[in-house]
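Source file input.cif; content: mmCIF, C-alpha atoms.
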```cif
data_target
#
loop_
_atom_site.group_PDB
_atom_site.id
_atom_site.type_symbol
_atom_site.label_atom_id
_atom_site.label_comp_id
_atom_site.auth_asym_id
_atom_site.auth_seq_id
_atom_site.Cartn_x
_atom_site.Cartn_y
_atom_site.Cartn_z
ATOM 1 C CA MET A 271 -14.031 -17.781 -16.690
ATOM 2 C CA PHE A 272 -11.643 -15.936 -14.377
ATOM 3 C CA SER A 273 -13.020 -12.543 -15.429
ATOM 4 C CA LYS A 274 -16.538 -13.728 -14.623
ATOM 5 C CA VAL A 275 -15.505 -14.850 -11.131
ATOM 6 C CA LEU A 276 -13.711 -11.557 -10.543
ATOM 7 C CA GLU A 277 -16.762 -9.617 -11.698
ATOM 8 C CA ASN A 278 -18.989 -11.539 -9.288
ATOM 9 C CA GLN A 279 -16.588 -10.868 -6.416
ATOM 10 C CA LEU A 280 -16.548 -7.145 -7.180
ATOM 11 C CA LEU A 281 -20.328 -7.034 -7.352
ATOM 12 C CA GLN A 282 -20.595 -8.851 -4.026
ATOM 13 C CA SER A 283 -18.136 -6.440 -2.395
ATOM 14 C CA ALA A 284 -20.011 -3.444 -3.771
ATOM 15 C CA LYS A 285 -23.265 -4.871 -2.436
ATOM 16 C CA LEU A 286 -21.808 -5.275 1.061
ATOM 17 C CA VAL A 287 -20.509 -1.692 1.055
ATOM 18 C CA GLU A 288 -23.878 -0.413 -0.116
ATOM 19 C CA GLU A 289 -25.706 -2.352 2.602
ATOM 20 C CA HIS A 290 -23.374 -0.939 5.250
ATOM 21 C CA LEU A 291 -23.949 2.624 4.024
ATOM 22 C CA ASP A 292 -27.710 2.082 3.971
ATOM 23 C CA SER A 293 -27.552 0.825 7.554
ATOM 24 C CA GLU A 294 -25.587 3.879 8.719
ATOM 25 C CA ILE A 295 -27.952 6.256 6.923
ATOM 26 C CA GLN A 296 -30.926 4.518 8.514
ATOM 27 C CA LYS A 297 -29.384 4.960 11.970
ATOM 28 C CA LEU A 298 -28.926 8.678 11.331
ATOM 29 C CA ASP A 299 -32.498 9.025 10.067
ATOM 30 C CA GLN A 300 -33.809 7.462 13.274
ATOM 31 C CA MET A 301 -31.898 9.842 15.550
ATOM 32 C CA ASP A 302 -33.630 12.846 17.052
ATOM 33 C CA GLU A 303 -32.013 16.284 17.332
ATOM 34 C CA ASP A 304 -30.615 15.662 20.818
ATOM 35 C CA GLU A 305 -28.938 12.427 19.727
ATOM 36 C CA LEU A 306 -27.443 14.096 16.657
ATOM 37 C CA GLU A 307 -26.129 16.960 18.764
ATOM 38 C CA HIS A 308 -24.589 14.488 21.218
ATOM 39 C CA LEU A 309 -22.923 12.623 18.351
ATOM 40 C CA LYS A 310 -21.558 15.889 16.990
ATOM 41 C CA GLU A 311 -20.143 16.843 20.399
ATOM 42 C CA LYS A 312 -18.437 13.453 20.758
ATOM 43 C CA ARG A 313 -16.759 13.822 17.384
ATOM 44 C CA LEU A 314 -15.624 17.369 18.158
ATOM 45 C CA GLU A 315 -14.207 16.209 21.485
ATOM 46 C CA ALA A 316 -12.328 13.402 19.729
ATOM 47 C CA LEU A 317 -10.874 15.929 17.278
ATOM 48 C CA ARG A 318 -9.815 18.224 20.136
ATOM 49 C CA LYS A 319 -8.083 15.372 21.945
ATOM 50 C CA ALA A 320 -6.311 14.307 18.765
ATOM 51 C CA GLN A 321 -5.073 17.861 18.214
ATOM 52 C CA GLN A 322 -3.887 18.127 21.823
ATOM 53 C CA GLN A 323 -2.021 14.834 21.479
ATOM 54 C CA LYS A 324 -0.384 16.048 18.280
ATOM 55 C CA GLN A 325 0.798 19.256 19.951
ATOM 56 C CA GLU A 326 2.159 17.283 22.900
ATOM 57 C CA TRP A 327 4.145 15.015 20.581
ATOM 58 C CA LEU A 328 5.547 17.981 18.666
ATOM 59 C CA SER A 329 6.591 19.693 21.903
ATOM 60 C CA LYS A 330 8.612 16.581 22.789
ATOM 61 C CA GLY A 331 10.484 16.533 19.499
ATOM 62 C CA HIS A 332 8.312 14.137 17.536
ATOM 63 C CA GLY A 333 7.776 14.784 13.828
ATOM 64 C CA GLU A 334 11.455 15.143 12.955
ATOM 65 C CA TYR A 335 14.488 12.876 12.804
ATOM 66 C CA ARG A 336 17.010 14.335 15.246
ATOM 67 C CA GLU A 337 20.536 13.594 16.357
ATOM 68 C CA ILE A 338 21.251 13.643 20.071
ATOM 69 C CA PRO A 339 24.798 14.553 21.151
ATOM 70 C CA SER A 340 25.432 12.060 23.942
ATOM 71 C CA GLU A 341 24.214 9.239 26.165
ATOM 72 C CA ARG A 342 22.825 11.631 28.765
ATOM 73 C CA GLU A 343 20.267 13.068 26.338
ATOM 74 C CA PHE A 344 19.265 9.563 25.257
ATOM 75 C CA PHE A 345 17.860 8.634 28.657
ATOM 76 C CA GLN A 346 15.874 11.862 28.945
ATOM 77 C CA GLU A 347 14.447 11.550 25.424
ATOM 78 C CA VAL A 348 13.374 7.959 26.009
ATOM 79 C CA LYS A 349 11.850 8.769 29.380
ATOM 80 C CA GLU A 350 9.455 11.411 28.050
ATOM 81 C CA SER A 351 8.075 9.510 25.025
ATOM 82 C CA LYS A 352 6.137 6.255 24.898
ATOM 83 C CA LYS A 353 7.577 5.010 21.583
ATOM 84 C CA VAL A 354 11.129 5.713 20.413
ATOM 85 C CA VAL A 355 13.297 4.547 17.517
ATOM 86 C CA CYS A 356 17.008 5.273 17.971
ATOM 87 C CA HIS A 357 19.484 4.729 15.136
ATOM 88 C CA PHE A 358 22.941 3.827 16.423
ATOM 89 C CA TYR A 359 25.193 4.873 13.576
ATOM 90 C CA ARG A 360 28.756 5.590 12.527
ATOM 91 C CA ASP A 361 29.771 8.232 9.972
ATOM 92 C CA SER A 362 31.965 5.863 7.990
ATOM 93 C CA THR A 363 29.262 3.215 7.520
ATOM 94 C CA PHE A 364 27.470 3.665 4.208
ATOM 95 C CA ARG A 365 24.340 1.778 5.224
ATOM 96 C CA CYS A 366 23.699 4.248 8.037
ATOM 97 C CA LYS A 367 23.157 6.946 5.423
ATOM 98 C CA ILE A 368 20.632 4.708 3.658
ATOM 99 C CA LEU A 369 18.682 4.322 6.893
ATOM 100 C CA ASP A 370 18.809 8.075 7.471
ATOM 101 C CA ARG A 371 16.871 8.765 4.275
ATOM 102 C CA HIS A 372 14.038 6.437 5.257
ATOM 103 C CA LEU A 373 13.901 7.570 8.882
ATOM 104 C CA VAL A 374 13.484 11.218 7.855
ATOM 105 C CA ILE A 375 10.335 10.229 5.950
ATOM 106 C CA LEU A 376 8.914 8.031 8.703
ATOM 107 C CA ALA A 377 9.515 10.650 11.406
ATOM 108 C CA LYS A 378 7.292 13.110 9.547
ATOM 109 C CA LYS A 379 4.614 10.495 8.872
ATOM 110 C CA HIS A 380 4.421 8.880 12.313
ATOM 111 C CA LEU A 381 4.091 11.598 14.933
ATOM 112 C CA GLU A 382 3.232 8.960 17.532
ATOM 113 C CA THR A 383 6.868 7.818 17.528
ATOM 114 C CA LYS A 384 10.053 9.723 18.325
ATOM 115 C CA PHE A 385 12.952 9.153 15.886
ATOM 116 C CA LEU A 386 16.524 9.743 17.061
ATOM 117 C CA LYS A 387 20.089 8.979 16.001
ATOM 118 C CA LEU A 388 23.211 8.611 18.135
ATOM 119 C CA ASN A 389 26.837 8.203 17.092
ATOM 120 C CA VAL A 390 28.220 5.005 18.641
ATOM 121 C CA GLU A 391 31.612 6.638 19.132
ATOM 122 C CA LYS A 392 29.970 9.061 21.573
ATOM 123 C CA ALA A 393 28.032 6.406 23.467
ATOM 124 C CA PRO A 394 30.326 3.507 24.468
ATOM 125 C CA PHE A 395 28.567 2.861 27.781
ATOM 126 C CA LEU A 396 25.112 2.825 26.213
ATOM 127 C CA CYS A 397 26.205 0.553 23.363
ATOM 128 C CA GLU A 398 27.628 -1.906 25.859
ATOM 129 C CA ARG A 399 24.523 -1.733 28.022
ATOM 130 C CA LEU A 400 22.231 -2.363 25.040
ATOM 131 C CA ARG A 401 24.622 -4.955 23.587
ATOM 132 C CA ILE A 402 24.938 -3.164 20.260
ATOM 133 C CA LYS A 403 27.641 -4.677 18.085
ATOM 134 C CA VAL A 404 26.532 -4.391 14.445
ATOM 135 C CA ILE A 405 26.215 -0.987 12.781
ATOM 136 C CA PRO A 406 23.665 0.186 11.813
ATOM 137 C CA THR A 407 21.289 -0.928 14.542
ATOM 138 C CA LEU A 408 17.874 0.491 15.366
ATOM 139 C CA ALA A 409 16.884 0.201 19.016
ATOM 140 C CA LEU A 410 13.101 0.133 19.433
ATOM 141 C CA LEU A 411 11.970 1.352 22.845
ATOM 142 C CA LYS A 412 8.541 1.422 24.421
ATOM 143 C CA ASP A 413 7.694 2.907 27.821
ATOM 144 C CA GLY A 414 11.388 3.444 28.482
ATOM 145 C CA LYS A 415 12.355 -0.174 27.839
ATOM 146 C CA THR A 416 14.041 -1.779 24.842
ATOM 147 C CA GLN A 417 11.508 -3.971 23.041
ATOM 148 C CA ASP A 418 13.358 -5.034 19.916
ATOM 149 C CA TYR A 419 16.228 -4.317 17.530
ATOM 150 C CA VAL A 420 16.600 -4.033 13.781
ATOM 151 C CA VAL A 421 20.187 -5.126 13.170
ATOM 152 C CA GLY A 422 21.635 -4.337 9.775
ATOM 153 C CA PHE A 423 19.339 -4.943 6.808
ATOM 154 C CA THR A 424 18.556 -8.631 7.357
ATOM 155 C CA ASP A 425 14.950 -7.936 8.368
ATOM 156 C CA LEU A 426 14.544 -5.471 5.493
ATOM 157 C CA GLY A 427 15.050 -7.897 2.639
ATOM 158 C CA ASN A 428 18.845 -8.065 3.035
ATOM 159 C CA THR A 429 19.309 -5.425 0.347
ATOM 160 C CA ASP A 430 20.360 -1.776 0.217
ATOM 161 C CA ASP A 431 17.372 -1.058 -2.033
ATOM 162 C CA PHE A 432 14.617 -1.737 0.488
ATOM 163 C CA THR A 433 11.679 0.672 0.451
ATOM 164 C CA THR A 434 10.526 3.028 3.179
ATOM 165 C CA GLU A 435 7.378 0.910 3.434
ATOM 166 C CA THR A 436 9.506 -2.147 4.200
ATOM 167 C CA LEU A 437 11.132 -0.375 7.142
ATOM 168 C CA GLU A 438 7.735 0.949 8.200
ATOM 169 C CA TRP A 439 6.360 -2.603 8.124
ATOM 170 C CA ARG A 440 9.268 -3.929 10.190
ATOM 171 C CA LEU A 441 8.772 -1.249 12.850
ATOM 172 C CA GLY A 442 5.052 -1.949 12.794
ATOM 173 C CA CYS A 443 5.750 -5.605 13.568
ATOM 174 C CA SER A 444 7.270 -4.442 16.852
ATOM 175 C CA ASP A 445 4.309 -2.125 17.520
ATOM 176 C CA ILE A 446 6.655 0.844 17.651
ATOM 177 C CA LEU A 447 4.517 2.774 15.166
ATOM 178 C CA ASN A 448 0.968 2.540 13.803
ATOM 179 C CA TYR A 449 1.256 0.513 10.602
ATOM 180 C CA SER A 450 -1.874 0.589 8.452
ATOM 181 C CA GLY A 451 -0.911 -2.273 6.147
ATOM 182 C CA ASN A 452 -1.055 -6.028 6.616
ATOM 183 C CA LEU A 453 1.643 -7.129 9.066
ATOM 184 C CA MET A 454 1.283 -10.707 7.840
ATOM 185 C CA GLU A 455 2.442 -9.720 4.349
ATOM 186 C CA PRO A 456 5.916 -8.130 4.213
ATOM 187 C CA PRO A 457 6.286 -5.730 1.277
ATOM 188 C CA PHE A 458 9.101 -7.835 -0.183
ATOM 189 C CA GLN A 459 8.750 -8.922 -3.779
ATOM 190 C CA SER A 460 10.009 -12.373 -2.857
ATOM 191 C CA GLN A 461 9.406 -13.589 0.686
ATOM 192 C CA LYS A 462 10.943 -16.967 -0.124
ATOM 193 C CA LYS A 463 14.203 -15.316 -1.075
ATOM 194 C CA PHE A 464 14.470 -12.882 1.799
ATOM 195 C CA GLY A 465 12.623 -14.642 4.601
ATOM 196 C CA THR A 466 11.077 -12.911 7.611
ATOM 197 C CA ASN A 467 13.194 -14.043 10.553
ATOM 198 C CA PHE A 468 13.928 -11.204 12.961
ATOM 199 C CA THR A 469 17.249 -10.785 14.726
ATOM 200 C CA LYS A 470 17.017 -11.850 18.355
ATOM 201 C CA LEU A 471 18.457 -9.747 21.152
ATOM 202 C CA GLU A 472 20.083 -12.678 22.906
ATOM 203 C CA LYS A 473 22.239 -13.441 19.867
ATOM 204 C CA LYS A 474 24.040 -10.090 20.009
ATOM 205 C CA THR A 475 27.108 -9.528 22.147
ATOM 206 C CA ILE A 476 29.708 -6.822 22.432
ATOM 207 C CA ARG A 477 33.415 -7.414 22.704
ATOM 208 C CA GLY A 478 35.461 -4.493 23.864
ATOM 209 C CA LYS A 479 34.524 -1.323 21.987
ATOM 210 C CA LYS A 480 34.753 -2.552 18.411
ATOM 211 C CA TYR A 481 31.670 -2.559 16.224
ATOM 212 C CA ASP A 482 31.007 -4.772 13.230
ATOM 213 C CA SER A 483 29.603 -3.129 10.146
ATOM 214 C CA ASP A 484 26.679 -4.530 8.217
ATOM 215 C CA SER A 485 27.906 -2.677 5.126
ATOM 216 C CA ASP A 486 30.208 -4.247 2.576
ATOM 217 C CA ASP A 487 31.630 -0.809 1.843
ATOM 218 C CA ASP A 488 33.017 -0.248 5.318
#
```

Translate the structure of the given file into structure tokens.
Amino acid sequence: MFSKVLENQLLQSAKLVEEHLDSEIQKLDQMDEDELEHLKEKRLEALRKAQQQKQEWLSKGHGEYREIPSEREFFQEVKESKKVVCHFYRDSTFRCKILDRHLVILAKKHLETKFLKLNVEKAPFLCERLRIKVIPTLALLKDGKTQDYVVGFTDLGNTDDFTTETLEWRLGCSDILNYSGNLMEPPFQSQKKFGTNFTKLEKKTIRGKKYDSDSDDD
């Protein structure tokens, strides 16, 4: 019974795809040479703009996961890019190294976003200004302003074994990168176990210059 229902659904989906293709082909058949040439020019122009945008991103340091040496560079980097992810880390915190591996992958995949890392020991003023207390913390910035934070691994399934897609999904929820999946369905195997509550900015405070670690190993 189930297989029959599934077969009918697949046939219906295939029919819809076929009808859409037929409609597009019919539109092309009805176009004259001038209309086809205009369509071709529009597509070429779109490709040129996309290539120009890519080169602009690369010239600003997008496409790679980079460490910046101090607070001064942070403000300049954020100012020149629309979307920025900055990992506030500490060498002795094991979970920071886990994040590093995933961020290297995402930086290469999402050229639209700049990916940076900054050692909290070299940025006491900035950490206080952004109210960063738990390490690791990802600050998500858009148009020069902090939009959201990913604090520890709570939003990532609360496990060290989260996937790159899980982090990608979480960043997509904050519109800090272009996520192609379904934002309503976290890539956790068990949503009931992990939950999907995000850490709120107003809950974080900083006391002196001590930082709490989200890692059990630290």

Would you compute an axis-aligned box for range 362-371 of chain A, covering every atom listed for it in the file with 8 Å of margin on each side, and report centre and edge lengths in Å to one decimal as AutoDock Vina command-line options?
```
--center_x 24.4 --center_y 5.3 --center_z 5.8 --size_x 31.1 --size_y 23.0 --size_z 20.4
```

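Comparing the minimum interatomic distances between Asn448 in chain A and each of A:Leu410, A:Cys397, A:Leu426, A:Leu381, counting all atoms listed in the file, we find that A:Leu381 sits nearest.
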
**Request:** Using all atoms listed in the file, determine which residues lie at most 12 Å from range 367-370 of chain A, disregarding the query and same-chain residues fewer than 4 positions distant; provide the list as an MDAnalysis selection string.
**Result:** chainID A and resid 334:337 355:363 374:377 385:388 405:408 420:423 426 429:434 436:438 484:485

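CA of Arg440 in chain A to CA of Pro457 in chain A spans 9.6 Å [interatomic distance, one decimal].
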
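Proximity ranking of A:Arg365, A:His380, A:Arg371, A:Lys330 relative to Ile446 in chain A places A:His380 first, based on all atoms listed in the file.
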
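Our summary of the geometry notes that CA of Val348 in chain A is positioned 8.6 Å from CA of Lys384 in chain A.
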
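What separates CA of Asn452 in chain A from CA of Gly333 in chain A is a distance of 23.7 Å.
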
**Message:** Distance cut-off 9 Å, centre (21.0, 7.1, 25.1) in file coordinates, counting only C-alpha atoms: which residues qualify? Return them as a PyMOL selection string.
**Reply:** chain A and resi 338+340-348+356+388+393+396-397

**Asked** For His372 in chain A, which residue out of A:Asp304, A:Glu435, A:Met454, A:Ile402 is the nearest one, using only C-alpha atoms?
**Response** A:Glu435

Scan for residues within 8 Å of the point (8.5, -4.4, 21.4) in the coordinates of the file, using only C-alpha atoms, and reply as a short mmCIF file (atom, residue, chain, number, x, y, z; two decimals) with C-alpha atoms, in the coordinates of the input.
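Below is the file that was written, result39.cif:
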```cif
data_model
loop_
_atom_site.label_atom_id
_atom_site.label_comp_id
_atom_site.auth_asym_id
_atom_site.auth_seq_id
_atom_site.Cartn_x
_atom_site.Cartn_y
_atom_site.Cartn_z
CA LEU A 410 13.10 0.13 19.43
CA LEU A 411 11.97 1.35 22.84
CA LYS A 412 8.54 1.42 24.42
CA THR A 416 14.04 -1.78 24.84
CA GLN A 417 11.51 -3.97 23.04
CA ASP A 418 13.36 -5.03 19.92
CA SER A 444 7.27 -4.44 16.85
CA ASP A 445 4.31 -2.12 17.52
CA ILE A 446 6.66 0.84 17.65
#
```

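Using all atoms listed in the file, the nearest neighbour of Glu382 in chain A within the list A:Asp302, A:Cys443, A:Leu453, A:Val354 is A:Val354.
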